[in-house]
$ cat input.cif   # mmCIF, C-alpha atoms
data_target
loop_
_atom_site.label_atom_id
_atom_site.label_comp_id
_atom_site.auth_asym_id
_atom_site.auth_seq_id
_atom_site.Cartn_x
_atom_site.Cartn_y
_atom_site.Cartn_z
CA MET A 1 24.87 -23.62 -21.12
CA LYS A 2 23.76 -27.00 -19.77
CA LEU A 3 25.61 -30.08 -20.99
CA ASN A 4 22.59 -31.59 -22.74
CA GLU A 5 21.93 -28.26 -24.50
CA GLN A 6 25.51 -28.14 -25.78
CA VAL A 7 25.26 -31.63 -27.26
CA TYR A 8 21.82 -30.90 -28.69
CA ASN A 9 22.87 -27.59 -30.26
CA ASP A 10 26.02 -29.07 -31.81
CA LEU A 11 24.16 -32.02 -33.33
CA LEU A 12 21.29 -29.84 -34.53
CA ASN A 13 23.75 -27.47 -36.18
CA GLN A 14 25.44 -30.39 -37.90
CA ILE A 15 22.11 -31.71 -39.17
CA HIS A 16 20.92 -28.30 -40.37
CA ASN A 17 24.13 -27.68 -42.26
CA GLY A 18 24.36 -31.08 -43.90
CA PHE A 19 27.28 -32.49 -41.96
CA TYR A 20 24.99 -35.42 -41.22
CA GLU A 21 22.79 -36.15 -44.22
CA ILE A 22 19.39 -37.85 -44.12
CA GLY A 23 20.00 -41.58 -43.73
CA GLU A 24 23.35 -41.18 -41.98
CA LYS A 25 24.02 -42.27 -38.44
CA ILE A 26 25.16 -39.74 -35.85
CA PRO A 27 27.76 -40.76 -33.22
CA THR A 28 26.74 -43.31 -30.63
CA GLU A 29 26.01 -42.38 -27.01
CA LYS A 30 29.41 -43.74 -26.01
CA LEU A 31 31.27 -41.68 -28.61
CA LEU A 32 29.39 -38.53 -27.62
CA MET A 33 30.16 -39.18 -23.95
CA GLU A 34 33.85 -39.45 -24.80
CA LYS A 35 33.82 -36.40 -27.05
CA TYR A 36 32.24 -34.10 -24.46
CA SER A 37 33.67 -35.85 -21.38
CA ILE A 38 30.22 -36.16 -19.85
CA SER A 39 27.93 -38.85 -18.44
CA ARG A 40 25.27 -40.73 -20.38
CA SER A 41 22.30 -38.77 -19.00
CA PRO A 42 22.83 -35.41 -20.83
CA VAL A 43 23.65 -37.29 -24.05
CA ARG A 44 20.39 -39.21 -23.85
CA ASP A 45 18.48 -36.00 -23.09
CA ALA A 46 19.93 -34.36 -26.20
CA LEU A 47 19.16 -37.34 -28.42
CA LYS A 48 15.65 -37.63 -27.02
CA LYS A 49 14.98 -33.98 -27.85
CA LEU A 50 16.22 -34.45 -31.42
CA GLN A 51 13.99 -37.50 -31.75
CA ASN A 52 10.95 -35.69 -30.34
CA GLU A 53 11.49 -32.87 -32.85
CA GLY A 54 11.61 -35.36 -35.72
CA TYR A 55 15.27 -35.04 -36.68
CA ILE A 56 16.48 -38.54 -35.80
CA ASN A 57 15.16 -42.04 -35.32
CA ARG A 58 16.74 -43.93 -32.43
CA ILE A 59 17.02 -47.64 -33.14
CA PRO A 60 17.80 -49.92 -30.18
CA LYS A 61 21.25 -51.57 -30.44
CA SER A 62 21.77 -49.90 -33.81
CA GLY A 63 22.13 -46.16 -33.18
CA SER A 64 20.48 -42.93 -34.24
CA VAL A 65 19.75 -42.13 -37.89
CA VAL A 66 18.97 -38.70 -39.34
CA ILE A 67 15.49 -38.75 -40.88
CA ALA A 68 14.81 -35.03 -41.48
CA SER A 69 16.62 -31.74 -41.85
CA SER A 70 15.38 -28.17 -42.00
CA ARG A 71 18.50 -26.97 -43.74
CA VAL A 72 17.35 -23.77 -45.45
CA ASN A 73 19.41 -23.86 -48.62
CA ARG A 74 17.95 -27.17 -49.70
CA THR A 75 14.65 -25.49 -50.48
CA ILE A 76 15.55 -21.82 -50.80
CA ASN A 77 18.30 -20.21 -52.83
CA TYR A 78 19.45 -16.90 -51.50
CA LYS A 79 22.17 -14.32 -51.85
CA GLY A 80 22.57 -12.24 -48.76
CA GLY A 81 24.53 -9.80 -46.71
CA PHE A 82 26.67 -7.49 -48.78
CA SER A 83 27.49 -9.79 -51.70
CA LYS A 84 25.35 -7.62 -53.99
CA TYR A 85 27.65 -4.65 -53.43
CA PHE A 86 30.83 -6.68 -53.84
CA SER A 87 29.76 -8.15 -57.16
CA GLU A 88 28.73 -4.77 -58.54
CA ASN A 89 31.59 -2.63 -57.20
CA TRP A 90 34.60 -4.88 -56.82
CA ASP A 91 37.02 -2.49 -58.53
CA ASP A 92 36.07 0.30 -56.10
CA ILE A 93 36.61 -1.78 -52.95
CA LYS A 94 39.90 -1.87 -51.08
CA THR A 95 40.78 -3.74 -47.88
CA ILE A 96 43.59 -2.49 -45.65
CA THR A 97 45.13 -4.54 -42.86
CA LEU A 98 45.65 -2.37 -39.79
CA ASP A 99 47.04 -4.79 -37.25
CA VAL A 100 47.94 -8.45 -36.72
CA SER A 101 48.25 -9.43 -33.06
CA GLU A 102 48.29 -12.40 -30.75
CA VAL A 103 45.55 -11.92 -28.17
CA LYS A 104 43.67 -13.67 -25.37
CA GLU A 105 39.89 -13.53 -25.78
CA PRO A 106 38.27 -16.21 -23.58
CA ASP A 107 34.75 -15.74 -24.99
CA ILE A 108 35.96 -16.09 -28.57
CA SER A 109 38.18 -19.04 -27.68
CA LYS A 110 35.07 -20.74 -26.34
CA LYS A 111 33.24 -20.16 -29.64
CA LEU A 112 36.19 -21.75 -31.45
CA LYS A 113 36.01 -24.71 -29.04
CA LEU A 114 39.39 -23.88 -27.53
CA GLU A 115 39.80 -24.33 -23.80
CA GLU A 116 42.35 -21.54 -23.57
CA GLY A 117 45.35 -20.14 -25.38
CA ILE A 118 46.35 -17.50 -27.86
CA LEU A 119 44.33 -16.36 -30.86
CA LEU A 120 45.55 -14.48 -33.87
CA ARG A 121 43.47 -11.34 -34.48
CA VAL A 122 43.60 -9.62 -37.85
CA THR A 123 42.10 -6.12 -37.82
CA ARG A 124 41.17 -4.62 -41.18
CA VAL A 125 39.16 -1.79 -42.65
CA ARG A 126 37.30 -2.16 -45.94
CA LYS A 127 36.68 0.94 -48.05
CA TYR A 128 34.34 1.70 -50.90
CA ARG A 129 35.58 4.58 -53.05
CA GLU A 130 37.86 5.60 -50.17
CA GLU A 131 34.95 5.72 -47.69
CA PRO A 132 35.33 3.21 -44.82
CA VAL A 133 32.37 0.82 -44.70
CA PHE A 134 33.58 -2.11 -42.57
CA LEU A 135 35.83 -2.54 -39.59
CA LEU A 136 36.64 -6.26 -39.37
CA LYS A 137 38.22 -8.25 -36.57
CA THR A 138 39.02 -11.81 -37.65
CA TYR A 139 40.17 -14.44 -35.16
CA TYR A 140 41.97 -17.72 -35.85
CA PRO A 141 43.41 -20.40 -33.56
CA ILE A 142 47.10 -19.62 -33.48
CA ASN A 143 48.08 -23.24 -34.22
CA PHE A 144 46.39 -22.98 -37.63
CA LEU A 145 48.92 -20.37 -38.69
CA SER A 146 52.18 -21.58 -37.20
CA ASP A 147 53.94 -21.58 -40.58
CA ILE A 148 52.69 -18.15 -41.70
CA SER A 149 54.40 -14.88 -40.86
CA LYS A 150 52.35 -11.91 -39.68
CA GLU A 151 53.81 -9.79 -42.48
CA GLU A 152 52.00 -11.90 -45.08
CA PHE A 153 48.60 -10.72 -43.81
CA TYR A 154 49.31 -7.15 -44.86
CA GLU A 155 49.40 -8.15 -48.53
CA VAL A 156 46.05 -10.02 -48.53
CA ASN A 157 42.80 -8.70 -49.98
CA ASN A 158 40.50 -11.74 -49.75
CA LEU A 159 41.43 -13.16 -46.35
CA ARG A 160 39.03 -16.13 -46.41
CA GLU A 161 40.32 -17.53 -49.70
CA TRP A 162 43.93 -16.87 -48.73
CA PHE A 163 43.52 -18.56 -45.34
CA GLN A 164 42.04 -21.70 -46.91
CA SER A 165 44.79 -21.93 -49.52
CA LYS A 166 47.51 -21.50 -46.88
CA THR A 167 46.14 -23.95 -44.33
CA ASN A 168 44.32 -26.50 -46.54
CA ILE A 169 41.28 -25.97 -44.32
CA LYS A 170 38.07 -25.82 -46.34
CA PHE A 171 35.14 -23.82 -45.05
CA LYS A 172 31.74 -25.48 -45.35
CA TYR A 173 29.13 -23.29 -43.63
CA THR A 174 28.69 -20.19 -41.52
CA ASN A 175 26.40 -19.00 -38.75
CA GLU A 176 25.76 -15.27 -38.40
CA THR A 177 24.09 -13.09 -35.79
CA LEU A 178 23.20 -9.44 -36.33
CA GLU A 179 22.54 -6.64 -33.88
CA SER A 180 22.54 -2.87 -33.82
CA ILE A 181 24.97 -1.26 -31.38
CA VAL A 182 26.39 2.16 -30.61
CA ALA A 183 29.88 2.50 -32.06
CA ASP A 184 32.68 2.74 -29.51
CA ARG A 185 35.62 5.09 -29.93
CA LEU A 186 37.68 2.60 -31.96
CA VAL A 187 34.86 1.94 -34.42
CA GLN A 188 34.03 5.64 -34.65
CA ASN A 189 37.61 6.50 -35.55
CA HIS A 190 38.03 3.83 -38.22
CA LEU A 191 34.61 4.37 -39.84
CA ASN A 192 34.68 8.18 -39.55
CA LEU A 193 31.52 8.27 -37.43
CA GLU A 194 30.26 10.79 -34.94
CA ASN A 195 29.96 10.01 -31.25
CA GLY A 196 26.84 7.95 -30.53
CA SER A 197 26.42 6.69 -34.09
CA PRO A 198 24.73 3.29 -34.53
CA VAL A 199 26.43 0.54 -36.51
CA LEU A 200 25.46 -2.97 -37.55
CA LEU A 201 27.49 -5.63 -35.73
CA ILE A 202 27.69 -9.00 -37.49
CA LYS A 203 29.26 -11.95 -35.69
CA ARG A 204 30.16 -14.81 -38.01
CA LEU A 205 31.37 -18.25 -36.95
CA THR A 206 32.60 -20.47 -39.78
CA TYR A 207 33.03 -24.25 -39.68
CA ASP A 208 35.21 -26.47 -41.82
CA THR A 209 34.26 -29.74 -43.51
CA GLU A 210 34.89 -31.64 -40.26
CA HIS A 211 32.47 -29.38 -38.38
CA ILE A 212 35.33 -27.70 -36.52
CA PRO A 213 34.89 -23.97 -35.89
CA SER A 214 37.84 -22.40 -37.69
CA GLU A 215 37.20 -18.67 -38.01
CA PHE A 216 35.35 -16.03 -36.01
CA VAL A 217 34.74 -12.56 -37.42
CA GLU A 218 33.21 -9.39 -36.01
CA TYR A 219 32.01 -6.91 -38.65
CA TYR A 220 31.18 -3.34 -37.71
CA VAL A 221 29.28 -1.85 -40.64
CA ASN A 222 28.42 1.73 -41.53
CA THR A 223 24.98 1.08 -43.01
CA ASN A 224 24.66 4.70 -44.09
CA ILE A 225 26.76 3.58 -47.06
CA TRP A 226 25.74 -0.07 -47.54
CA LYS A 227 22.57 -1.80 -46.38
CA TYR A 228 22.33 -5.45 -45.38
CA HIS A 229 20.50 -7.01 -48.32
CA ILE A 230 19.05 -10.48 -49.00
CA ASP A 231 17.40 -11.87 -52.15
CA TYR A 232 15.38 -15.11 -51.89
CA ASN A 233 14.40 -17.45 -54.71
CA PHE A 234 11.80 -20.04 -53.72
#
$ encode --input "input.cif" --output "structure tokens"
Amino acid sequence: MKLNEQVYNDLLNQIHNGFYEIGEKIPTEKLLMEKYSISRSPVRDALKKLQNEGYINRIPKSGSVVIASSRVNRTINYKGGFSKYFSENWDDIKTITLDVSEVKEPDISKKLKLEEGILLRVTRVRKYREEPVFLLKTYYPINFLSDISKEEFYEVNNLREWFQSKTNIKFKYTNETLESIVADRLVQNHLNLENGSPVLLIKRLTYDTEHIPSEFVEYYVNTNIWKYHIDYNF
């Protein structure tokens, strides 16, 4: 990814998700240069693109102010994913932790804005009436969990709530991508699928209130049991 695209995408994401509200100033060119360790040119390119698209107004010697946001949940209320099934069948759902390991995953470290280092991966399977529906791989920066023993993860049902209570990190928003893939041997075994079976892969990156990526999750879903479902209220 080009440097100007990285700055543009980060700022756009922050505007869309309300980190910068309408009327607020975004960081100055100098601060952005220092944050990304880059020259002025890609920063100006990113800000110019945001201005051309109507997100910010650049005021000479004053800075850049957010003037518009296309954040979806300001105009549309929705409940999506699998929340419908959780709310209706909570007593029949059980989550089992299979493994807690320290791993090196350069691509995921990059998503979490880590130059390098060790991640903590928590592998779990979620069952509905004893039928496996999800295989989940959750990744955290290892420094977030320095005071937590691995054994504690095996007693957790709602990992997101538990993680926030343990670390005092508060999640603010999430970005998800979905794609259909053919299950590999690991996914087949844990979801009781035949060779060549398709599954839904959801990749979810969650940010905290400081716009720091704090959690990355890969969901492998047997959609023969549960379908991805969204309700919109306009």
$ atom_distance --input "input.cif" --atom1 "CA of Lys111 in chain A" --atom2 "CA of Thr223 in chain A"
26.4 Å
$ closest_residue --input "input.cif" --among "A:Glu102, A:Glu5, A:Glu53, A:Glu130" --to "Ile142 in chain A" --atoms "all atoms listed in the file"
A:Glu102
$ closest_residue --input "input.cif" --among "A:Asn57, A:Ser149, A:Gln6, A:Ser83" --to "Ser101 in chain A" --atoms "only C-alpha atoms"
A:Ser149
$ residues_near_point --input "input.cif" --point "(24.3, -31.2, -33.9)" --cutoff "12 Å" --atoms "all atoms listed in the file" --output "PyMOL selection string"
chain A and resi 4-21+25-27+32+43+46-47+49-50+55-56+66+69+211-212
$ resolve_selection --input "input.cif" --expression "the PyMOL selection byres ((chain A and resi 180-186) around 8)" --output "list in words"
Leu178, Glu179, Val187, Gln188, Asn189, His190, Asn195, Gly196, Ser197, Pro198, Val199, Leu200 and Leu201 of chain A
$ atom_distance --input "input.cif" --atom1 "CA of Lys166 in chain A" --atom2 "CA of Ser146 in chain A"
10.7 Å
$ closest_residue --input "input.cif" --among "A:Tyr219, A:Phe171, A:Phe153, A:Trp162" --to "Thr97 in chain A" --atoms "all atoms listed in the file"
A:Phe153
$ resolve_selection --input "input.cif" --expression "the PyMOL selection byres ((chain A and resi 121-128) around 9)" --output "PyMOL selection string"
chain A and resi 89-90+92-103+119-120+129-140+153+190-191+225
$ atom_distance --input "input.cif" --atom1 "CA of Pro213 in chain A" --atom2 "CA of Leu112 in chain A"
5.1 Å
$ closest_residue --input "input.cif" --among "A:Ile148, A:Leu3, A:Ala68, A:Ile118" --to "Pro42 in chain A" --atoms "all atoms listed in the file"
A:Leu3
$ closest_residue --input "input.cif" --among "A:Val65, A:Ile22, A:Leu145, A:Ile169" --to "Thr209 in chain A" --atoms "only C-alpha atoms"
A:Ile169
$ residues_around --input "input.cif" --residues "Leu205 in chain A" --least-positions-apart "4" --cutoff "8 Å" --atoms "all atoms listed in the file" --output "list in words"
Lys111, Thr174, Asn175, Glu176, Pro213, Ser214, Glu215, Phe216 and Val217 of chain A
$ residues_around --input "input.cif" --residues "Phe82 in chain A" --least-positions-apart "6" --cutoff "8 Å" --atoms "only C-alpha atoms" --output "ChimeraX atom specification"
/A:226-229
$ decode --input "input.cif" --residues "range 80-200 of chain A" --atoms "C-alpha atoms" --output "JSON list (two decimals), in the first residue's frame"
[["chain", "number", "residue", "atom", "x", "y", "z"],
["A", 80, "GLY", "CA", -26.32, -8.16, 11.82],
["A", 81, "GLY", "CA", -24.19, -11.23, 11.61],
["A", 82, "PHE", "CA", -25.28, -13.96, 13.96],
["A", 83, "SER", "CA", -26.64, -11.86, 16.83],
["A", 84, "LYS", "CA", -30.16, -13.06, 16.02],
["A", 85, "TYR", "CA", -29.19, -16.65, 16.81],
["A", 86, "PHE", "CA", -27.32, -15.73, 19.98],
["A", 87, "SER", "CA", -30.23, -13.77, 21.42],
["A", 88, "GLU", "CA", -32.71, -16.55, 20.66],
["A", 89, "ASN", "CA", -30.61, -19.58, 21.63],
["A", 90, "TRP", "CA", -28.14, -18.45, 24.26],
["A", 91, "ASP", "CA", -28.80, -21.38, 26.60],
["A", 92, "ASP", "CA", -28.02, -23.86, 23.82],
["A", 93, "ILE", "CA", -24.68, -22.28, 22.86],
["A", 94, "LYS", "CA", -21.38, -23.39, 24.35],
["A", 95, "THR", "CA", -17.87, -22.12, 23.58],
["A", 96, "ILE", "CA", -14.86, -24.36, 24.18],
["A", 97, "THR", "CA", -11.28, -23.11, 24.22],
["A", 98, "LEU", "CA", -9.05, -25.53, 22.33],
["A", 99, "ASP", "CA", -5.66, -23.86, 22.47],
["A", 100, "VAL", "CA", -3.86, -20.73, 23.69],
["A", 101, "SER", "CA", -0.50, -20.16, 22.01],
["A", 102, "GLU", "CA", 2.10, -17.52, 21.36],
["A", 103, "VAL", "CA", 2.60, -17.26, 17.61],
["A", 104, "LYS", "CA", 4.27, -15.19, 14.90],
["A", 105, "GLU", "CA", 1.87, -14.07, 12.16],
["A", 106, "PRO", "CA", 3.42, -11.16, 10.22],
["A", 107, "ASP", "CA", 0.28, -10.38, 8.19],
["A", 108, "ILE", "CA", -1.88, -10.19, 11.31],
["A", 109, "SER", "CA", 0.75, -8.19, 13.18],
["A", 110, "LYS", "CA", 0.57, -5.67, 10.36],
["A", 111, "LYS", "CA", -3.22, -5.40, 10.74],
["A", 112, "LEU", "CA", -2.72, -4.74, 14.45],
["A", 113, "LYS", "CA", -0.15, -2.04, 13.56],
["A", 114, "LEU", "CA", 2.69, -4.02, 15.13],
["A", 115, "GLU", "CA", 6.04, -3.98, 13.36],
["A", 116, "GLU", "CA", 6.91, -7.45, 14.59],
["A", 117, "GLY", "CA", 6.72, -9.62, 17.66],
["A", 118, "ILE", "CA", 4.63, -12.27, 19.30],
["A", 119, "LEU", "CA", 0.84, -12.49, 19.23],
["A", 120, "LEU", "CA", -1.39, -14.46, 21.51],
["A", 121, "ARG", "CA", -3.76, -16.71, 19.55],
["A", 122, "VAL", "CA", -6.83, -18.15, 21.23],
["A", 123, "THR", "CA", -8.46, -20.97, 19.26],
["A", 124, "ARG", "CA", -12.03, -21.87, 20.17],
["A", 125, "VAL", "CA", -14.99, -23.79, 18.82],
["A", 126, "ARG", "CA", -18.55, -22.62, 19.38],
["A", 127, "LYS", "CA", -21.33, -25.20, 19.43],
["A", 128, "TYR", "CA", -25.08, -24.98, 19.11],
["A", 129, "ARG", "CA", -26.85, -27.95, 20.69],
["A", 130, "GLU", "CA", -23.54, -29.84, 20.55],
["A", 131, "GLU", "CA", -23.13, -29.18, 16.80],
["A", 132, "PRO", "CA", -20.00, -27.12, 15.99],
["A", 133, "VAL", "CA", -20.92, -23.92, 14.14],
["A", 134, "PHE", "CA", -17.84, -21.69, 14.50],
["A", 135, "LEU", "CA", -14.12, -22.21, 14.61],
["A", 136, "LEU", "CA", -12.61, -18.97, 15.95],
["A", 137, "LYS", "CA", -9.02, -17.80, 15.98],
["A", 138, "THR", "CA", -8.60, -14.62, 18.04],
["A", 139, "TYR", "CA", -5.34, -12.68, 18.07],
["A", 140, "TYR", "CA", -4.13, -10.11, 20.61],
["A", 141, "PRO", "CA", -0.86, -8.20, 21.00],
["A", 142, "ILE", "CA", 1.00, -10.14, 23.65],
["A", 143, "ASN", "CA", 1.80, -6.99, 25.66],
["A", 144, "PHE", "CA", -1.93, -6.45, 26.29],
["A", 145, "LEU", "CA", -2.06, -9.66, 28.29],
["A", 146, "SER", "CA", 1.19, -9.68, 30.23],
["A", 147, "ASP", "CA", -0.60, -10.02, 33.58],
["A", 148, "ILE", "CA", -3.00, -12.77, 32.49],
["A", 149, "SER", "CA", -2.19, -16.47, 32.59],
["A", 150, "LYS", "CA", -3.06, -18.70, 29.64],
["A", 151, "GLU", "CA", -5.05, -20.98, 31.93],
["A", 152, "GLU", "CA", -7.61, -18.23, 32.52],
["A", 153, "PHE", "CA", -8.69, -18.33, 28.86],
["A", 154, "TYR", "CA", -10.02, -21.86, 29.23],
["A", 155, "GLU", "CA", -12.70, -20.70, 31.67],
["A", 156, "VAL", "CA", -14.05, -17.85, 29.49],
["A", 157, "ASN", "CA", -17.28, -17.96, 27.50],
["A", 158, "ASN", "CA", -17.60, -14.35, 26.26],
["A", 159, "LEU", "CA", -14.01, -13.54, 25.32],
["A", 160, "ARG", "CA", -14.63, -9.96, 24.15],
["A", 161, "GLU", "CA", -16.26, -8.83, 27.40],
["A", 162, "TRP", "CA", -13.70, -10.69, 29.49],
["A", 163, "PHE", "CA", -10.77, -9.19, 27.57],
["A", 164, "GLN", "CA", -12.08, -5.64, 28.04],
["A", 165, "SER", "CA", -12.65, -6.13, 31.76],
["A", 166, "LYS", "CA", -9.16, -7.60, 32.24],
["A", 167, "THR", "CA", -7.24, -5.01, 30.23],
["A", 168, "ASN", "CA", -9.40, -1.87, 30.68],
["A", 169, "ILE", "CA", -9.36, -1.54, 26.90],
["A", 170, "LYS", "CA", -12.75, -0.50, 25.54],
["A", 171, "PHE", "CA", -13.77, -1.53, 22.05],
["A", 172, "LYS", "CA", -15.44, 1.15, 19.95],
["A", 173, "TYR", "CA", -15.98, -0.19, 16.42],
["A", 174, "THR", "CA", -15.27, -3.11, 14.14],
["A", 175, "ASN", "CA", -14.53, -3.68, 10.47],
["A", 176, "GLU", "CA", -15.50, -7.01, 8.93],
["A", 177, "THR", "CA", -14.82, -8.71, 5.61],
["A", 178, "LEU", "CA", -16.61, -11.84, 4.41],
["A", 179, "GLU", "CA", -15.66, -14.43, 1.84],
["A", 180, "SER", "CA", -16.51, -17.99, 0.95],
["A", 181, "ILE", "CA", -13.63, -20.46, 1.05],
["A", 182, "VAL", "CA", -13.07, -24.20, 0.93],
["A", 183, "ALA", "CA", -12.45, -25.55, 4.42],
["A", 184, "ASP", "CA", -8.94, -26.85, 5.06],
["A", 185, "ARG", "CA", -8.27, -29.99, 7.07],
["A", 186, "LEU", "CA", -8.19, -28.17, 10.42],
["A", 187, "VAL", "CA", -11.54, -26.47, 9.82],
["A", 188, "GLN", "CA", -13.06, -29.68, 8.47],
["A", 189, "ASN", "CA", -12.08, -31.59, 11.59],
["A", 190, "HIS", "CA", -13.37, -29.03, 14.08],
["A", 191, "LEU", "CA", -16.64, -28.33, 12.24],
["A", 192, "ASN", "CA", -17.29, -31.96, 11.28],
["A", 193, "LEU", "CA", -17.30, -31.17, 7.55],
["A", 194, "GLU", "CA", -16.57, -33.31, 4.54],
["A", 195, "ASN", "CA", -13.56, -32.71, 2.33],
["A", 196, "GLY", "CA", -14.16, -29.81, -0.07],
["A", 197, "SER", "CA", -16.96, -28.25, 1.98],
["A", 198, "PRO", "CA", -17.40, -24.47, 1.69],
["A", 199, "VAL", "CA", -17.43, -22.28, 4.79],
["A", 200, "LEU", "CA", -17.94, -18.59, 5.43]]
